[in-house]
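Before any comments, here is the structure.
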Amino acid sequence: MFPIILSALLDEKTDETEFETFVGEHQSLMLSAAYAVLQDHHDAEDAVINALTSIAKKFSAVSKLDPKARRVYAARCARNCALNIYNVRARRHKNESLAETELPDRAVDGEIDSLIDKLTFEQAMECIVKLDDLYRDVLYLHYVRDMSARQIARELALNRKTVEARISRGKKLLAAIMKGETE
C-alpha cells in the first residue's frame with residue numbers, strides 16, 4: 001500500500017512501476033536490516049518507511065544503479081534510518097532516566113520554598129541574578145512570573161523533565177546562596 005503513497009514523491013511519474021518493483025524486491029531485506037538494529041518490528045517498519053521515502057525522493061538516480069548496488073543501497077538506507085530511530089530512542093531514554101534520578105526531594109524543596117518565601121522580592125532577585133543562566137531563567141519564570149514547569153518548557157523550548165530538574169537544582173543553588181548571605 002505505501003508504494004502508491006510514496007510514488008507521489010517520485011521526481012518522474014514514469015518511475016512508479018519501477019519503484020513498486022524496487023519495493024517488492026527489497027522490502028524484506030530492508031525490514032531485516034532495520035530489525036537487526038532496532039529489535040522491534042514496529043520501529044523497523046517505521047525505519048523502512050523513512051528509508052523508502054528517502055529513496056523515492058531520489059529514485060531517478062537510484063534506478064540507474066546496477067541490481068547489486070541497488071540491493072546494497074536499500075539495505076544501507078534502511079539500516080541508517082534504523083540507527084537514527086535507535087539514537088533518538090536512546091537519547092530520549094537517557095533524558096528520561098536522568099530526569100527520574102534527579103526528581104526533587106520534597107522535604108528539601110519545602111525547606112527551600114520557605115526560605116524563599118521569607119525573602120523580599122528584591123532579595124530573591126539579588127540571589128537569582130547570581131545563578132548561571134541555565135538556572136536563572138528557569139527560576140525567574142518559576143518564581144517571578146509564576147509559571148509551571150510545562151509553561152516554562154514551552155516558553156524556552158525545552159523538555160518538561162529538563163525544566164523540572166533545573167528548577168530543583170536551581171532551588172538548591174539558590175538556597176546555598178541565601179544561606180551564605182544570611183550567615
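Chain labels A, B, ... are given in the sequence in which chains occur in the C-alpha cells; within each chain residues are numbered consecutively from 1, and ligands are likewise numbered from 1 in the order shown.
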
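Omitting A:Leu29 and its sequence neighbours fewer than 5 positions away, and counting only C-alpha atoms, the residues within 9 Å are Ala34, Arg71, Ala74, Ala75 and Ala78 of chain A.
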
Same residues, C-alpha atoms, output as a compact mmCIF listing (two decimals), in the first residue's frame:
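Written output follows (part.txt):
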# COMPACT_ATOMS: atom_id res chain seq x y z
CA ALA A 34 16.17 -2.34 10.27
CA ARG A 71 20.30 -4.06 -3.04
CA ALA A 74 18.40 -0.30 0.02
CA ALA A 75 19.86 -2.23 2.96
CA ALA A 78 17.15 1.08 5.94

Would you work out the distance separating atom CA of A:Val62 from atom CA of A:Val88, expressed in Å to one decimal?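 These two atoms are separated by 27.1 Å.
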
Best match for closeness to A:Cys81 among A:Ala176, A:Lys58, A:Leu52, A:Lys68, counting only C-alpha atoms: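 For A:Cys81, the nearest of the given residues is A:Leu52.
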
Contact residues around A:Ser32 with only C-alpha atoms at 12 Å, ignoring same-chain residues under 3 positions, as a list in words: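 In the requested form, the answer reads His26, Gln27, Ser28, Leu29, Tyr35, Ala36, Val37, Leu38, Gln39, Asp40, His41, Asp43, Ala44, Glu45, Ala47, Val48, Ala74, Ala75, Arg76, Ala78, Arg79 and Ala82 of chain A.
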
From A:Ile128, A:Ala90, A:Arg145, A:Arg136, residue lying nearest A:Val163 [only C-alpha atoms]: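 Counting only C-alpha atoms, the residue closest to A:Val163 is A:Arg136.
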
In terms of the shortest atom-to-atom distance over only C-alpha atoms, which of A:Lys179, A:Arg92, A:Arg70, A:Lys64 is closest to A:Thr162?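 Of A:Lys179, A:Arg92, A:Arg70, A:Lys64, the one nearest A:Thr162 is A:Arg92, counting only C-alpha atoms.
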
Residue set, stretch 31-66 of chain A restricted to alpha helix (DSSP H), as a ChimeraX atom specification: /A:31-38,41-57,59-62
